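Here's my_file_17.cif, which has mmCIF, C-alpha atoms:
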data_target
#
loop_
_atom_site.label_atom_id
_atom_site.label_comp_id
_atom_site.auth_asym_id
_atom_site.auth_seq_id
_atom_site.Cartn_x
_atom_site.Cartn_y
_atom_site.Cartn_z
CA MET A 1 -31.20 -2.55 -15.86
CA PRO A 2 -30.80 -2.17 -19.66
CA PHE A 3 -27.38 -1.39 -21.08
CA GLU A 4 -26.64 2.33 -21.03
CA PRO A 5 -23.58 3.98 -22.67
CA PHE A 6 -22.48 5.32 -19.26
CA HIS A 7 -21.92 1.69 -18.19
CA LEU A 8 -18.81 1.81 -20.38
CA ALA A 9 -17.35 4.34 -17.96
CA LEU A 10 -17.21 1.69 -15.22
CA PRO A 11 -14.57 -0.58 -16.78
CA ILE A 12 -12.52 2.48 -17.74
CA LEU A 13 -12.67 3.85 -14.18
CA ASP A 14 -11.96 0.35 -12.90
CA PHE A 15 -8.91 0.03 -15.12
CA VAL A 16 -7.42 3.25 -13.72
CA GLY A 17 -8.17 1.81 -10.26
CA ILE A 18 -6.17 -1.32 -11.15
CA LEU A 19 -3.29 0.88 -12.32
CA SER A 20 -3.36 2.79 -9.02
CA LEU A 21 -3.16 -0.48 -7.03
CA ALA A 22 -0.32 -1.63 -9.31
CA ALA A 23 1.57 1.66 -8.76
CA LEU A 24 1.11 1.40 -5.00
CA SER A 25 2.24 -2.24 -5.02
CA VAL A 26 5.40 -1.33 -6.95
CA LEU A 27 6.21 1.42 -4.41
CA LEU A 28 5.58 -0.93 -1.49
CA TYR A 29 7.80 -3.61 -3.05
CA ARG A 30 10.59 -1.09 -3.63
CA ALA A 31 10.20 0.04 -0.02
CA TYR A 32 10.58 -3.59 1.08
CA GLY A 33 13.65 -3.99 -1.15
CA ILE A 34 15.40 -0.99 0.40
CA SER A 35 14.35 -1.30 4.04
CA GLY A 36 13.98 -5.10 4.33
CA ASN A 37 10.99 -4.40 6.63
CA SER A 38 8.56 -7.31 6.19
CA LEU A 39 5.54 -5.07 6.94
CA PHE A 40 5.97 -3.54 3.49
CA LEU A 41 5.79 -7.07 2.08
CA TYR A 42 2.40 -7.65 3.81
CA PHE A 43 0.98 -4.42 2.39
CA PHE A 44 2.49 -5.20 -1.03
CA THR A 45 0.91 -8.68 -1.03
CA GLY A 46 -2.44 -7.32 0.17
CA PHE A 47 -2.63 -4.61 -2.48
CA THR A 48 -1.43 -6.98 -5.23
CA ILE A 49 -4.17 -9.48 -4.33
CA LEU A 50 -6.71 -6.63 -4.26
CA GLY A 51 -5.48 -5.58 -7.70
CA LEU A 52 -5.94 -9.14 -9.03
CA GLY A 53 -9.51 -9.18 -7.67
CA GLU A 54 -10.13 -5.80 -9.27
CA PHE A 55 -8.81 -7.14 -12.57
CA GLY A 56 -11.36 -9.96 -12.28
CA ARG A 57 -14.12 -7.36 -11.91
CA PHE A 58 -12.79 -5.37 -14.86
CA PHE A 59 -12.82 -8.55 -16.96
CA LEU A 60 -16.38 -9.22 -15.78
CA PHE A 61 -17.55 -5.77 -16.86
CA LEU A 62 -15.98 -6.23 -20.27
CA THR A 63 -17.56 -9.65 -20.84
CA ILE A 64 -20.98 -8.32 -19.75
CA ILE A 65 -20.71 -5.35 -22.10
CA PHE A 66 -19.22 -7.12 -25.11
CA THR A 67 -20.89 -10.56 -25.03
CA PRO A 68 -23.76 -10.33 -27.54
CA ARG A 69 -25.60 -13.49 -26.47
CA PRO A 70 -25.50 -15.02 -22.98
CA SER A 71 -24.49 -18.70 -23.00
CA PHE A 72 -23.94 -21.36 -20.37
CA PHE A 73 -20.19 -20.78 -20.59
CA PHE A 74 -20.72 -17.04 -20.12
CA PHE A 75 -22.91 -17.70 -17.06
CA PHE A 76 -20.34 -20.11 -15.59
CA LEU A 77 -17.44 -17.77 -16.32
CA ASN A 78 -19.11 -14.72 -14.79
CA HIS A 79 -20.08 -16.51 -11.61
CA SER A 80 -16.63 -18.01 -11.19
CA VAL A 81 -14.85 -14.72 -11.82
CA ALA A 82 -17.23 -12.79 -9.54
CA LEU A 83 -16.67 -15.26 -6.69
CA LEU A 84 -12.92 -15.34 -7.30
CA SER A 85 -12.79 -11.52 -7.26
CA GLN A 86 -14.63 -11.40 -3.94
CA VAL A 87 -12.44 -14.07 -2.39
CA LEU A 88 -9.33 -12.22 -3.61
CA GLU A 89 -10.71 -8.98 -2.18
CA ILE A 90 -11.20 -10.61 1.22
CA LEU A 91 -7.77 -12.21 1.08
CA GLY A 92 -6.21 -8.85 0.16
CA PHE A 93 -7.97 -7.09 3.05
CA LEU A 94 -6.93 -9.89 5.43
CA VAL A 95 -3.26 -9.49 4.51
CA ILE A 96 -3.51 -5.68 4.88
CA ALA A 97 -5.24 -6.14 8.27
CA LEU A 98 -2.41 -8.47 9.27
CA GLY A 99 0.13 -5.80 8.29
CA TYR A 100 -1.62 -3.15 10.42
CA THR A 101 -1.94 -5.55 13.37
CA MET A 102 1.76 -6.40 13.21
CA GLU A 103 2.68 -2.71 13.17
CA LEU A 104 0.40 -1.75 16.06
CA PHE A 105 0.25 -4.86 18.27
CA GLY A 106 3.17 -7.13 17.31
CA LYS A 107 3.48 -10.50 15.60
CA ASP A 108 1.78 -12.86 18.13
CA LYS A 109 -1.46 -10.93 18.38
CA ALA A 110 -1.58 -10.55 14.59
CA LEU A 111 -1.36 -14.30 14.01
CA ALA A 112 -4.00 -15.00 16.67
CA SER A 113 -6.46 -12.57 15.05
CA MET A 114 -5.85 -14.18 11.63
CA MET A 115 -6.92 -17.56 13.04
CA VAL A 116 -10.25 -16.05 14.15
CA PHE A 117 -10.80 -14.52 10.70
CA GLN A 118 -10.01 -17.81 8.94
CA GLU A 119 -12.49 -19.74 11.09
CA ARG A 120 -15.22 -17.25 10.20
CA ARG A 121 -14.44 -17.50 6.50
CA LEU A 122 -15.63 -21.10 6.37
CA SER A 123 -19.32 -20.21 6.39
CA LEU A 124 -19.42 -17.73 3.53
CA THR A 125 -22.14 -17.20 0.99
CA PHE A 126 -22.48 -14.26 -1.44
CA PRO A 127 -23.97 -11.44 0.71
CA MET A 128 -21.98 -12.82 3.63
CA VAL A 129 -18.83 -12.05 1.67
CA ASN A 130 -19.71 -8.35 1.82
CA ILE A 131 -20.50 -8.54 5.52
CA PHE A 132 -17.20 -10.30 6.10
CA SER A 133 -15.31 -7.76 3.95
CA ALA A 134 -17.06 -4.93 5.81
CA SER A 135 -16.04 -6.36 9.19
CA ILE A 136 -12.38 -6.62 8.10
CA LEU A 137 -12.60 -3.08 6.72
CA VAL A 138 -13.97 -1.76 10.03
CA TYR A 139 -10.93 -3.35 11.67
CA ILE A 140 -8.52 -1.94 9.05
CA SER A 141 -10.11 1.54 9.25
CA LEU A 142 -9.81 1.57 13.05
CA ASN A 143 -6.13 0.62 12.74
CA ALA A 144 -5.57 3.29 10.08
CA PHE A 145 -7.26 5.80 12.41
CA ALA A 146 -5.03 4.66 15.29
CA ILE A 147 -1.98 5.23 13.04
CA TYR A 148 -3.31 8.74 12.28
CA THR A 149 -3.86 9.62 15.94
CA LYS A 150 -0.37 8.28 16.74
CA ASN A 151 1.49 10.15 13.95
CA LYS A 152 -0.84 13.12 13.34
CA GLN A 153 0.54 13.35 9.80
CA SER A 154 -1.80 14.29 6.97
CA LEU A 155 -0.40 11.54 4.70
CA THR A 156 -1.83 8.86 7.01
CA LEU A 157 -5.31 10.19 6.20
CA ALA A 158 -5.08 8.83 2.63
CA PRO A 159 -5.23 5.09 3.52
CA LEU A 160 -7.83 5.91 6.20
CA LEU A 161 -10.08 7.66 3.67
CA ALA A 162 -9.58 4.90 1.06
CA PHE A 163 -10.47 2.13 3.52
CA ILE A 164 -13.53 4.06 4.76
CA LEU A 165 -14.69 4.37 1.12
CA PHE A 166 -14.14 0.60 0.62
CA LEU A 167 -16.18 0.02 3.78
CA LEU A 168 -18.96 2.30 2.57
CA SER A 169 -18.96 0.48 -0.77
CA ASN A 170 -19.42 -2.87 0.99
CA ILE A 171 -22.24 -1.48 3.14
CA LEU A 172 -23.93 -0.19 -0.03
CA SER A 173 -23.51 -3.65 -1.63
CA ILE A 174 -25.28 -5.24 1.34
CA LEU A 175 -28.01 -2.60 1.08
CA ALA A 176 -28.34 -3.22 -2.67
CA PHE A 177 -28.74 -6.95 -1.99
CA LEU A 178 -31.43 -6.31 0.64
CA LEU A 179 -33.33 -3.75 -1.47
CA ARG A 180 -32.64 -5.51 -4.81
CA ASP A 181 -31.66 -2.14 -6.25
CA GLU A 182 -29.22 -2.16 -9.18
CA LEU A 183 -28.57 1.57 -8.94
CA ILE A 184 -27.13 1.09 -5.46
CA VAL A 185 -24.84 -1.62 -6.88
CA LEU A 186 -23.58 0.90 -9.42
CA PHE A 187 -23.15 3.55 -6.74
CA SER A 188 -21.33 1.06 -4.53
CA ARG A 189 -18.85 0.36 -7.37
CA LEU A 190 -18.27 4.08 -7.86
CA VAL A 191 -17.55 4.56 -4.16
CA TYR A 192 -15.11 1.61 -4.28
CA ILE A 193 -13.37 3.10 -7.32
CA ALA A 194 -13.16 6.46 -5.48
CA GLY A 195 -11.26 4.59 -2.75
CA LEU A 196 -8.87 3.21 -5.37
CA TYR A 197 -8.32 6.74 -6.67
CA VAL A 198 -7.24 7.88 -3.20
CA PHE A 199 -4.46 5.29 -3.48
CA LEU A 200 -3.67 6.61 -6.95
CA TRP A 201 -3.26 10.09 -5.42
CA LEU A 202 -0.99 8.62 -2.73
CA ALA A 203 1.14 6.76 -5.31
CA LEU A 204 1.45 9.92 -7.43
CA LYS A 205 2.33 12.04 -4.40
CA VAL A 206 5.05 9.61 -3.29
CA GLY A 207 6.30 9.29 -6.88
CA LYS A 208 6.69 13.07 -7.10
CA THR A 209 8.74 13.31 -3.88
CA PRO A 210 11.96 15.13 -4.93
CA MET B 1 11.67 11.43 24.47
CA LYS B 2 13.55 11.46 21.15
CA GLU B 3 13.12 8.27 19.09
CA ARG B 4 16.22 6.20 18.26
CA ARG B 5 17.19 6.38 14.62
CA SER B 6 17.28 3.14 12.65
CA LYS B 7 20.38 2.19 10.67
CA LEU B 8 18.59 3.07 7.43
CA GLN B 9 17.65 6.48 8.83
CA ILE B 10 21.27 7.15 9.88
CA LEU B 11 22.60 6.16 6.44
CA ALA B 12 20.02 8.48 4.86
CA ASP B 13 20.96 11.32 7.26
CA ILE B 14 24.63 10.96 6.28
CA LEU B 15 23.75 10.98 2.57
CA GLU B 16 21.39 13.94 3.06
CA ALA B 17 24.13 15.98 4.75
CA LEU B 18 26.56 15.11 1.96
CA ALA B 19 23.97 15.85 -0.74
CA GLN B 20 23.33 19.30 0.71
CA SER B 21 26.95 20.39 0.88
CA GLY B 22 28.45 18.40 -2.01
CA GLU B 23 31.41 17.21 0.07
CA MET B 24 32.41 17.18 3.74
CA ASN B 25 35.32 16.28 5.93
CA ILE B 26 34.99 13.92 8.89
CA SER B 27 34.44 16.56 11.58
CA GLN B 28 31.76 18.37 9.55
CA LEU B 29 30.00 15.07 8.95
CA LEU B 30 30.23 14.10 12.64
CA THR B 31 28.31 17.24 13.54
CA ALA B 32 25.84 17.04 10.64
CA ALA B 33 24.95 13.38 11.22
CA ASN B 34 25.12 13.69 15.03
CA LEU B 35 27.22 10.53 15.48
CA SER B 36 30.29 9.44 17.42
CA TYR B 37 33.52 8.90 15.46
CA ASP B 38 33.35 5.11 15.78
CA ARG B 39 29.78 4.85 14.58
CA LEU B 40 30.39 7.26 11.70
CA SER B 41 33.43 5.24 10.57
CA LYS B 42 31.35 2.06 10.63
CA TYR B 43 28.55 3.58 8.57
CA LEU B 44 30.97 5.26 6.15
CA SER B 45 32.68 1.92 5.46
CA GLU B 46 29.29 0.43 4.66
CA LEU B 47 28.32 3.33 2.41
CA GLU B 48 31.68 3.15 0.65
CA ALA B 49 31.47 -0.60 0.19
CA ASN B 50 28.10 -0.16 -1.49
CA ASN B 51 29.41 2.66 -3.74
CA LEU B 52 27.06 5.18 -2.16
CA VAL B 53 29.88 7.56 -1.16
CA VAL B 54 33.48 8.16 -2.25
CA VAL B 55 36.07 8.73 0.45
CA GLU B 56 39.02 10.68 -0.93
CA ARG B 57 42.05 10.40 1.31
CA GLN B 58 44.34 13.38 0.72
CA SER B 59 47.56 13.87 2.71
CA LEU B 60 46.02 15.13 5.96
CA GLU B 61 42.41 15.47 5.14
CA VAL B 62 39.63 13.09 4.21
CA LYS B 63 36.90 14.33 1.88
CA ILE B 64 33.63 12.46 1.57
CA LYS B 65 31.34 12.91 -1.44
CA PRO B 66 28.07 11.22 -2.38
CA THR B 67 28.08 9.17 -5.61
CA SER B 68 25.21 9.31 -8.13
CA LYS B 69 24.14 5.90 -6.78
CA GLY B 70 24.13 7.41 -3.29
CA LEU B 71 21.99 10.33 -4.43
CA SER B 72 19.45 8.07 -6.13
CA PHE B 73 19.38 5.87 -3.01
CA LEU B 74 18.58 8.99 -0.97
CA GLN B 75 15.80 9.95 -3.40
CA GLU B 76 14.36 6.43 -3.18
CA TYR B 77 14.62 6.54 0.62
CA LYS B 78 12.57 9.77 0.75
CA LYS B 79 9.84 8.09 -1.30
CA ILE B 80 9.67 5.01 0.88
CA LYS B 81 9.62 7.23 3.96
CA GLU B 82 6.44 8.86 2.64
CA ILE B 83 4.86 5.44 2.05
CA ALA B 84 5.99 4.30 5.50
CA VAL B 85 4.37 7.39 7.09
CA ALA B 86 1.11 6.80 5.18
CA PHE B 87 0.82 3.23 6.50
CA GLY B 88 2.32 3.95 9.91
CA ILE B 89 5.36 1.73 9.34
CA SER B 90 8.46 2.67 11.32
CA LEU B 91 11.60 2.62 9.21
#
Written as structure tokens, how would this file's structure read?
Amino acid sequence: MPFEPFHLALPILDFVGILSLAALSVLLYRAYGISGNSLFLYFFTGFTILGLGEFGRFFLFLTIIFTPRPSFFFFFLNHSVALLSQVLEILGFLVIALGYTMELFGKDKALASMMVFQERRLSLTFPMVNIFSASILVYISLNAFAIYTKNKQSLTLAPLLAFILFLLSNILSILAFLLRDELIVLFSRLVYIAGLYVFLWLALKVGKTP
Amino acid sequence: MKERRSKLQILADILEALAQSGEMNISQLLTAANLSYDRLSKYLSELEANNLVVVERQSLEVKIKPTSKGLSFLQEYKKIKEIAVAFGISL
């Protein structure tokens, strides 16, 4: 796909997404500081790692847009950052999944499920990363849905919606890989960023609490 | 069945009652926070030690007021409660 001016919108949208993850992480850390509840620390760590991965992607967009001539270094850098971002994304989702498991099922079951996830992580290749991320996101979304059915509070719908959008984005990435369609890749990124914006809304809503 | 309040929730309930009325005496606070005298005394000592409330002991009466630190703690607590609800974390 040739460079189009609208491609510039992606890093800008991505940057706001990073800010929303940062705002959410700050709130979660403050919550941990006041309550001492370690579950907040899991969510804080997960969202911070996700934010770092997102920053990698933002950096990738910028280098793609602003590098005039591709070089070996550029190729090496992009591949390393892309892989690092995906690994960080998985790690972030794993920590968030661990937080949800601890809240719903208790510590022992959470640690046991982490062992299963870690074993599966050993055989990863690029499209597999998306499949793996999608499987963790199905798990996280189910947990977020269980939290919603338990509490019946509208605020619990925000993480549920965000994680469903992340899941949809990963499914679209797999589809883009199978169909070799760059437009779907772009669409997948936009859906992911929409998920980040749900967290931005949540952070703003909590920040405005009188 | 009514859920048991955590210590943090009780401290916030005490501060909320004080924030709403400005100041209270012990018996008003006992009713507002729905606590026994012993438990209220324990929590008040903790709040006082952390400069979240001021306990003014006048001849026969005791007046309890929230400090500005106590009010900002309460504001912070309300925010973290929202976050806790969103992620289903019990405080």
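Atom CA of Val53 of chain B lies 11.1 Å from atom CA of Met24 of chain B.
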Find the residues in chain B near chain A: any atom within 6 Å counts, using all atoms listed in the file. Write them as a list in words.
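Here they are: Lys79, Ile80, Ala86 and Gly88 of chain B.
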Residues selected by the PyMOL selection byres ((chain A and resi 10) around 12), written as a PyMOL selection string
chain A and resi 4-9+11-17+54+57-62+64-65+185-194
For this structure, which residues satisfy the selection - the PyMOL selection byres ((chain B and resi 70) around 10) - when it is evaluated on the file as given? I want them as a short mmCIF file (atom, residue, chain, number, x, y, z; two decimals) with C-alpha atoms, in the frame of the given file.
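Printed below is expr_16.cif as written:
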data_model
loop_
_atom_site.label_atom_id
_atom_site.label_comp_id
_atom_site.auth_asym_id
_atom_site.auth_seq_id
_atom_site.Cartn_x
_atom_site.Cartn_y
_atom_site.Cartn_z
CA LEU B 11 22.60 6.16 6.44
CA ALA B 12 20.02 8.48 4.86
CA LEU B 15 23.75 10.98 2.57
CA GLU B 16 21.39 13.94 3.06
CA LEU B 18 26.56 15.11 1.96
CA ALA B 19 23.97 15.85 -0.74
CA LEU B 47 28.32 3.33 2.41
CA GLU B 48 31.68 3.15 0.65
CA ASN B 50 28.10 -0.16 -1.49
CA ASN B 51 29.41 2.66 -3.74
CA LEU B 52 27.06 5.18 -2.16
CA VAL B 53 29.88 7.56 -1.16
CA VAL B 54 33.48 8.16 -2.25
CA LYS B 65 31.34 12.91 -1.44
CA PRO B 66 28.07 11.22 -2.38
CA THR B 67 28.08 9.17 -5.61
CA SER B 68 25.21 9.31 -8.13
CA LYS B 69 24.14 5.90 -6.78
CA LEU B 71 21.99 10.33 -4.43
CA SER B 72 19.45 8.07 -6.13
CA PHE B 73 19.38 5.87 -3.01
CA LEU B 74 18.58 8.99 -0.97
CA GLN B 75 15.80 9.95 -3.40
CA GLU B 76 14.36 6.43 -3.18
#
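For the atom pair formed by atom CA of Arg4 of chain B and atom CA of Glu82 of chain B, the distance is 18.6 Å, given to one decimal.
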Using the chain letters and numbering of this document, enumerate as number ranges by chain the residues selected by the PyMOL selection byres ((chain A and resi 48) around 9).
A: 21-22, 24-25, 43-47, 49-53, 92
Resulting file, chosen residues, C-alpha atoms, as a PDB file, in the frame of the given file:
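Done, and the output landed in result_37.pdb:
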ATOM      1  CA  LEU A  21      -3.160  -0.480  -7.030  1.00  0.00           C
ATOM      2  CA  ALA A  22      -0.320  -1.630  -9.310  1.00  0.00           C
ATOM      3  CA  LEU A  24       1.110   1.400  -5.000  1.00  0.00           C
ATOM      4  CA  SER A  25       2.240  -2.240  -5.020  1.00  0.00           C
ATOM      5  CA  PHE A  43       0.980  -4.420   2.390  1.00  0.00           C
ATOM      6  CA  PHE A  44       2.490  -5.200  -1.030  1.00  0.00           C
ATOM      7  CA  THR A  45       0.910  -8.680  -1.030  1.00  0.00           C
ATOM      8  CA  GLY A  46      -2.440  -7.320   0.170  1.00  0.00           C
ATOM      9  CA  PHE A  47      -2.630  -4.610  -2.480  1.00  0.00           C
ATOM     10  CA  ILE A  49      -4.170  -9.480  -4.330  1.00  0.00           C
ATOM     11  CA  LEU A  50      -6.710  -6.630  -4.260  1.00  0.00           C
ATOM     12  CA  GLY A  51      -5.480  -5.580  -7.700  1.00  0.00           C
ATOM     13  CA  LEU A  52      -5.940  -9.140  -9.030  1.00  0.00           C
ATOM     14  CA  GLY A  53      -9.510  -9.180  -7.670  1.00  0.00           C
ATOM     15  CA  GLY A  92      -6.210  -8.850   0.160  1.00  0.00           C
TER      16      GLY A  92
END
Report, in Å with one decimal, the straight-line distance from atom CA of Ile164 of chain A to atom CA of Ile96 of chain A.
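Atom-to-atom, atom CA of Ile164 of chain A and atom CA of Ile96 of chain A are spaced 14.0 Å apart.
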Choose the residue, out of B:Lys7, B:Ala84, B:Tyr77, B:Gly22, that has the smallest atom-to-atom separation from Leu35 of chain B; count all atoms listed in the file.
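Checking each candidate against Leu35 of chain B, we get B:Lys7 as the closest.
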Residues within 12 Å of Thr31 of chain B, please, as a ChimeraX atom specification. Count only C-alpha atoms; anything in the same chain fewer than 6 positions from it doesn't count.
/B:13-14,17-18,24-25,37,40
Nearest to Val62 of chain B: which of B:Ser45, B:Ser36, B:Ser6, B:Ser27 is it, counting only C-alpha atoms?
B:Ser27
